[in-house]
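Colleague: Next up is a structure, given as structure tokens.
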Amino acid sequence: MGSVEEKIDLDSDEEIPFSVSQSTNKMHSLSFEPSRHILAHPQFSASWVIRKVNRVSVLRSIYIVLIKAKINVLLPFGPLAILLHYFTKLHGLVFVFSLIGIIPLAERLGYVTEQLACYTGPTVGGLLNATFGNATEMIISIYALKNGMIRVVQQSLLGSILSNMLLVLGCAFFSGGLVHHQKVQIFNKATALVNSGLLLMAVMCILFPAVLQFTHTEVHKGKSEIALSRVTSIVMLIAYASYLFFQLKSQNNLYSEVGDNDEADDEEVPEINPWEASGWLAMLTLLISLLSGYLVDEIQGASDSMNMPVAFISVILLPIVGNAAEHASAIMFAMKDKLDITIGVAIGSSTQISMFVIPFCVIVGWIMGAPMDLNFQLFETATLFITVVVVAFMLQEGQSNYFKGLMLILCYIIVAASFFVHIDPTKG
């Protein structure tokens, strides 16, 4: 019985919710609830929005790709260039705005390519980087080919190689040398020499059609150099495919040794999923294609309005825009004392353009019926040859410092000045 009474007492204690003290407490709590709600409401709504944005994957990927990066402040220049193209005749301004508008698109294209490569194996990732690493140059070149501007294609691709090898690498060596002036920066000499060898092969392939035309020793005038260029382009593409296989499969240890050490410090975690990356890849490619059309259309008008040679615009201005992303990343990695990545960005990009993009454009021109060839004319070919030799000498020690960087930058200034006073002997 005692136990039953205790139970009843306990139950009765639990079931007295309306005691004076409890009721007053509840009344106090109720009286303060509205004020707490008002104070907490802004924070609650903000956190709710953030949670919702994080949950909605599409909104999150839009934020990451189009808003998060600081370089995206330049995105409005693209639509402005299109508006100016239709409503004004300011060719120089349309050209400049198109150039500026392509810069963030090219950088974001490189970003989503890297994001997609995180989900693929090294082989597919390498092919993605090879294909989309210089997508901006390829798209501009295809538009120019479509308009019959073969010399613009040749000079812009040549300018991309010169810009990467002299300006990008020079600025990286210079900034890295200043930050780490107390020591000598070193990089993997073996990979640099392989790239130098490929660049020398590219120079050889470009040199022979120019010499053939200059010496007037063609079997069929006007046809032999185009036929030679097309056969040589196929050989160059085979050589580049073999290089990719050598890099990613056969001699993977040679190339991944340093990469593994760098990745151990800061391993990249993808920020968007593969489907989003694929969608952005297609969308950004279309946007660059759209803006490239306006850019190519305004080259001649910009040359006339700004009193600037087309050769200078093609060799100097267009490549600086196409290489803006490489320029920034190469300098950043050099300042972090990761010169192997810097070499991969600058020299690797030059190798891609010379051994993949240039022969690819020749084959595309062949399909389109455009007489695109490897005859870059003697002045341009000589400039490329001297540049490759100078850079090869700079890389043979496997060391860098700010003075080497300064020399490369000064060499690029000489090249830019040369093309500013250079008159293209051909029209196309």
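Going by the structure tokens order, chains are called A, B, ..., each with residues numbered from 1, while ligands are numbered from 1 in the order shown.
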Write out as a ChimeraX atom specification which residues come within 9 Å of Ile139 (chain A) when counting only C-alpha atoms, dropping same-chain ones fewer than 5 positions away.

Modeller: /A:134,144,285,288-289,292-293

Colleague: For Gln377 (chain A), work out the shell of residues within 10 Å, counting only C-alpha atoms and skipping chain neighbours fewer than 4 positions away, then give it as JSON, numbers by chain.

Modeller: {"A": [151, 154, 155, 206, 207, 209, 210, 211, 213, 214, 381, 382, 424, 425, 426]}

Colleague: Any chance you can output those residues with all heavy atoms as a compact mmCIF listing (two decimals), in the first residue's frame?

Modeller:
# COMPACT_ATOMS: atom_id res chain seq x y z
N ARG A 151 45.85 34.89 -91.26
CA ARG A 151 47.01 35.51 -90.62
C ARG A 151 46.72 35.86 -89.16
O ARG A 151 47.60 35.79 -88.30
CB ARG A 151 47.44 36.77 -91.38
CG ARG A 151 48.10 36.49 -92.71
CD ARG A 151 49.37 35.69 -92.54
NE ARG A 151 50.43 36.48 -91.93
CZ ARG A 151 51.47 35.97 -91.30
NH1 ARG A 151 51.58 34.66 -91.14
NH2 ARG A 151 52.40 36.75 -90.80
N GLN A 154 47.19 32.59 -87.28
CA GLN A 154 48.61 32.25 -87.13
C GLN A 154 49.29 33.16 -86.11
O GLN A 154 50.03 32.69 -85.23
CB GLN A 154 49.31 32.35 -88.49
CG GLN A 154 48.87 31.29 -89.49
CD GLN A 154 49.51 31.49 -90.85
OE1 GLN A 154 49.85 32.61 -91.26
NE2 GLN A 154 49.70 30.40 -91.57
N GLN A 155 49.04 34.45 -86.22
CA GLN A 155 49.72 35.40 -85.34
C GLN A 155 49.22 35.32 -83.91
O GLN A 155 50.01 35.46 -82.97
CB GLN A 155 49.57 36.81 -85.90
CG GLN A 155 50.36 37.03 -87.18
CD GLN A 155 50.07 38.38 -87.83
OE1 GLN A 155 49.04 39.00 -87.58
NE2 GLN A 155 50.98 38.84 -88.67
N ILE A 206 57.22 24.26 -88.17
CA ILE A 206 56.77 25.56 -88.69
C ILE A 206 57.82 26.17 -89.63
O ILE A 206 57.47 26.91 -90.56
CB ILE A 206 56.46 26.51 -87.51
CG1 ILE A 206 55.23 25.99 -86.75
CG2 ILE A 206 56.22 27.93 -87.97
CD1 ILE A 206 54.97 26.69 -85.43
N LEU A 207 59.08 25.84 -89.40
CA LEU A 207 60.17 26.44 -90.18
C LEU A 207 60.20 25.94 -91.62
O LEU A 207 60.39 26.74 -92.55
CB LEU A 207 61.51 26.13 -89.49
CG LEU A 207 62.77 26.71 -90.13
CD1 LEU A 207 62.76 28.22 -90.08
CD2 LEU A 207 64.01 26.17 -89.44
N PRO A 209 57.88 24.83 -93.94
CA PRO A 209 57.02 25.47 -94.94
C PRO A 209 57.44 26.90 -95.26
O PRO A 209 57.35 27.34 -96.43
CB PRO A 209 55.64 25.43 -94.28
CG PRO A 209 55.70 24.29 -93.33
CD PRO A 209 57.09 24.30 -92.80
N ALA A 210 57.90 27.64 -94.23
CA ALA A 210 58.34 29.03 -94.47
C ALA A 210 59.58 29.06 -95.36
O ALA A 210 59.66 29.88 -96.29
CB ALA A 210 58.62 29.71 -93.14
N VAL A 211 60.53 28.17 -95.08
CA VAL A 211 61.76 28.12 -95.90
C VAL A 211 61.43 27.66 -97.31
O VAL A 211 61.99 28.17 -98.29
CB VAL A 211 62.79 27.18 -95.23
CG1 VAL A 211 63.98 26.96 -96.15
CG2 VAL A 211 63.25 27.76 -93.90
N GLN A 213 58.71 28.15 -98.99
CA GLN A 213 58.10 29.25 -99.73
C GLN A 213 59.09 30.37 -100.00
O GLN A 213 59.10 30.97 -101.08
CB GLN A 213 56.90 29.78 -98.92
CG GLN A 213 56.02 30.76 -99.68
CD GLN A 213 56.24 32.21 -99.25
OE1 GLN A 213 56.88 32.47 -98.24
NE2 GLN A 213 55.74 33.13 -100.05
N PHE A 214 59.98 30.64 -99.04
CA PHE A 214 60.94 31.73 -99.17
C PHE A 214 62.00 31.42 -100.25
O PHE A 214 62.44 32.32 -100.97
CB PHE A 214 61.64 31.98 -97.83
CG PHE A 214 62.59 33.13 -97.85
CD1 PHE A 214 62.14 34.44 -97.85
CD2 PHE A 214 63.97 32.92 -97.86
CE1 PHE A 214 63.02 35.50 -97.87
CE2 PHE A 214 64.86 33.97 -97.88
CZ PHE A 214 64.39 35.28 -97.89
N THR A 381 58.48 33.23 -87.71
CA THR A 381 59.17 31.95 -87.44
C THR A 381 60.51 32.18 -86.77
O THR A 381 60.88 31.46 -85.84
CB THR A 381 59.36 31.17 -88.76
OG1 THR A 381 58.10 31.04 -89.43
CG2 THR A 381 59.92 29.79 -88.50
N ALA A 382 61.24 33.20 -87.23
CA ALA A 382 62.53 33.53 -86.61
C ALA A 382 62.34 33.97 -85.15
O ALA A 382 63.11 33.59 -84.26
CB ALA A 382 63.23 34.63 -87.41
N ASP A 424 52.77 43.33 -91.97
CA ASP A 424 52.58 41.97 -92.47
C ASP A 424 52.65 41.98 -94.00
O ASP A 424 51.88 42.69 -94.66
CB ASP A 424 51.21 41.45 -92.01
CG ASP A 424 51.07 39.96 -92.20
OD1 ASP A 424 52.04 39.33 -92.59
OD2 ASP A 424 49.95 39.45 -91.98
N PRO A 425 53.54 41.17 -94.60
CA PRO A 425 53.68 41.19 -96.04
C PRO A 425 52.51 40.53 -96.78
O PRO A 425 52.37 40.70 -97.99
CB PRO A 425 54.98 40.40 -96.29
CG PRO A 425 55.10 39.50 -95.10
CD PRO A 425 54.51 40.26 -93.96
N THR A 426 51.71 39.77 -96.06
CA THR A 426 50.58 39.07 -96.70
C THR A 426 49.27 39.61 -96.19
O THR A 426 49.20 40.26 -95.16
CB THR A 426 50.64 37.54 -96.39
OG1 THR A 426 50.48 37.36 -94.99
CG2 THR A 426 51.95 36.96 -96.86

Colleague: CA of Thr120 (chain A) and CA of Leu75 (chain A), how far apart in Å?

Modeller: 29.0 Å

Colleague: Need the shell around Glu271 (chain A): protein/DNA/RNA residues with any atom at most 9 Å away, counting only C-alpha atoms. Skip same-chain ones fewer than 3 positions apart. Format as a count of residues only?

Modeller: 3

Colleague: Would you work out the distance separating CA of Phe174 (chain A) from CA of Phe403 (chain A), expressed in Å to one decimal?

Modeller: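 Separation of CA of Phe174 (chain A) and CA of Phe403 (chain A): 6.7 Å.
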
Colleague: Within 12 Å of region 318-332 of chain A, which residues of region 400-428 of chain A show up? Give each one with its shortest atom-to-atom distance in Å (one decimal) and the two atoms involved, counting only C-alpha atoms, rows by chain then rising residue number, as JSON lines.

Modeller:
{"residue": "A:Gly405", "atom": "CA", "partner": "A:Ile331", "partner_atom": "CA", "distance": 11.1}
{"residue": "A:Tyr412", "atom": "CA", "partner": "A:Ile320", "partner_atom": "CA", "distance": 11.7}
{"residue": "A:Ala416", "atom": "CA", "partner": "A:Ile320", "partner_atom": "CA", "distance": 11.5}

Colleague: Any idea what's packed within 8 Å of region 393-395 of chain A, counting only C-alpha atoms, ignoring anything in its chain fewer than 2 positions away? Could you give it as a short mmCIF file (atom, residue, chain, number, x, y, z; two decimals) with N, CA, C and O atoms, in the first residue's frame?

Modeller:
data_model
loop_
_atom_site.label_atom_id
_atom_site.label_comp_id
_atom_site.auth_asym_id
_atom_site.auth_seq_id
_atom_site.Cartn_x
_atom_site.Cartn_y
_atom_site.Cartn_z
N LYS A 189 64.05 19.52 -63.69
CA LYS A 189 64.72 19.81 -64.95
C LYS A 189 64.28 18.86 -66.06
O LYS A 189 64.19 19.24 -67.23
N ALA A 192 60.99 19.92 -67.76
CA ALA A 192 61.21 21.16 -68.51
C ALA A 192 61.94 20.87 -69.82
O ALA A 192 61.63 21.45 -70.87
N LEU A 193 62.91 19.95 -69.79
CA LEU A 193 63.67 19.61 -71.01
C LEU A 193 62.82 18.86 -72.01
O LEU A 193 62.97 19.05 -73.23
N VAL A 389 64.84 28.98 -78.11
CA VAL A 389 66.25 28.77 -77.74
C VAL A 389 66.60 29.50 -76.44
O VAL A 389 67.25 28.94 -75.55
N VAL A 390 66.15 30.76 -76.32
CA VAL A 390 66.44 31.55 -75.11
C VAL A 390 65.83 30.88 -73.87
O VAL A 390 66.49 30.71 -72.84
N VAL A 391 64.57 30.47 -73.97
CA VAL A 391 63.89 29.84 -72.83
C VAL A 391 64.52 28.49 -72.50
O VAL A 391 64.66 28.13 -71.32
N GLU A 397 69.32 24.65 -66.39
CA GLU A 397 69.94 24.49 -65.06
C GLU A 397 68.98 23.91 -64.02
O GLU A 397 69.42 23.38 -63.00
N GLY A 398 67.69 24.04 -64.26
CA GLY A 398 66.72 23.60 -63.27
C GLY A 398 66.60 24.56 -62.09
O GLY A 398 66.11 24.18 -61.02
N GLN A 399 67.05 25.80 -62.28
CA GLN A 399 66.99 26.81 -61.22
C GLN A 399 66.45 28.12 -61.79
O GLN A 399 66.55 28.38 -62.99
N SER A 400 65.88 28.93 -60.90
CA SER A 400 65.38 30.24 -61.34
C SER A 400 65.68 31.30 -60.29
O SER A 400 65.90 30.98 -59.12
N LYS A 404 66.64 36.13 -64.01
CA LYS A 404 66.17 35.37 -65.18
C LYS A 404 64.78 35.84 -65.60
O LYS A 404 64.49 36.00 -66.80
#

Colleague: In region 120-234 of chain A, what's alpha helix (DSSP H) per DSSP? Answer as a ChimeraX atom specification?

Modeller: /A:122-132,135-146,150-162,169-179,189-214,224-234

Colleague: What's the 9 Å shell around Asp304 (chain A), counting only C-alpha atoms, without same-chain residues fewer than 6 positions away, as an mmCIF file with all heavy atoms, in the first residue's frame?

Modeller:
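And here's out-v1.cif as it stands now:
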data_model
loop_
_atom_site.group_PDB
_atom_site.id
_atom_site.type_symbol
_atom_site.label_atom_id
_atom_site.label_comp_id
_atom_site.auth_asym_id
_atom_site.auth_seq_id
_atom_site.Cartn_x
_atom_site.Cartn_y
_atom_site.Cartn_z
ATOM 1 N N HIS A 91 34.417 50.987 -82.846
ATOM 2 C CA HIS A 91 35.053 49.680 -83.035
ATOM 3 C C HIS A 91 36.147 49.422 -81.995
ATOM 4 O O HIS A 91 36.263 48.311 -81.480
ATOM 5 C CB HIS A 91 35.646 49.586 -84.449
ATOM 6 C CG HIS A 91 34.629 49.753 -85.534
ATOM 7 N ND1 HIS A 91 33.660 48.812 -85.780
ATOM 8 C CD2 HIS A 91 34.427 50.766 -86.419
ATOM 9 C CE1 HIS A 91 32.902 49.220 -86.790
ATOM 10 N NE2 HIS A 91 33.345 50.407 -87.191
ATOM 11 N N GLY A 92 36.917 50.465 -81.697
ATOM 12 C CA GLY A 92 37.996 50.295 -80.723
ATOM 13 C C GLY A 92 37.466 49.945 -79.344
ATOM 14 O O GLY A 92 38.001 49.050 -78.661
ATOM 15 N N VAL A 310 47.521 45.349 -87.240
ATOM 16 C CA VAL A 310 46.784 44.125 -86.940
ATOM 17 C C VAL A 310 47.720 43.069 -86.356
ATOM 18 O O VAL A 310 47.334 42.284 -85.484
ATOM 19 C CB VAL A 310 46.087 43.593 -88.211
ATOM 20 C CG1 VAL A 310 45.428 42.234 -87.946
ATOM 21 C CG2 VAL A 310 45.031 44.586 -88.697
#
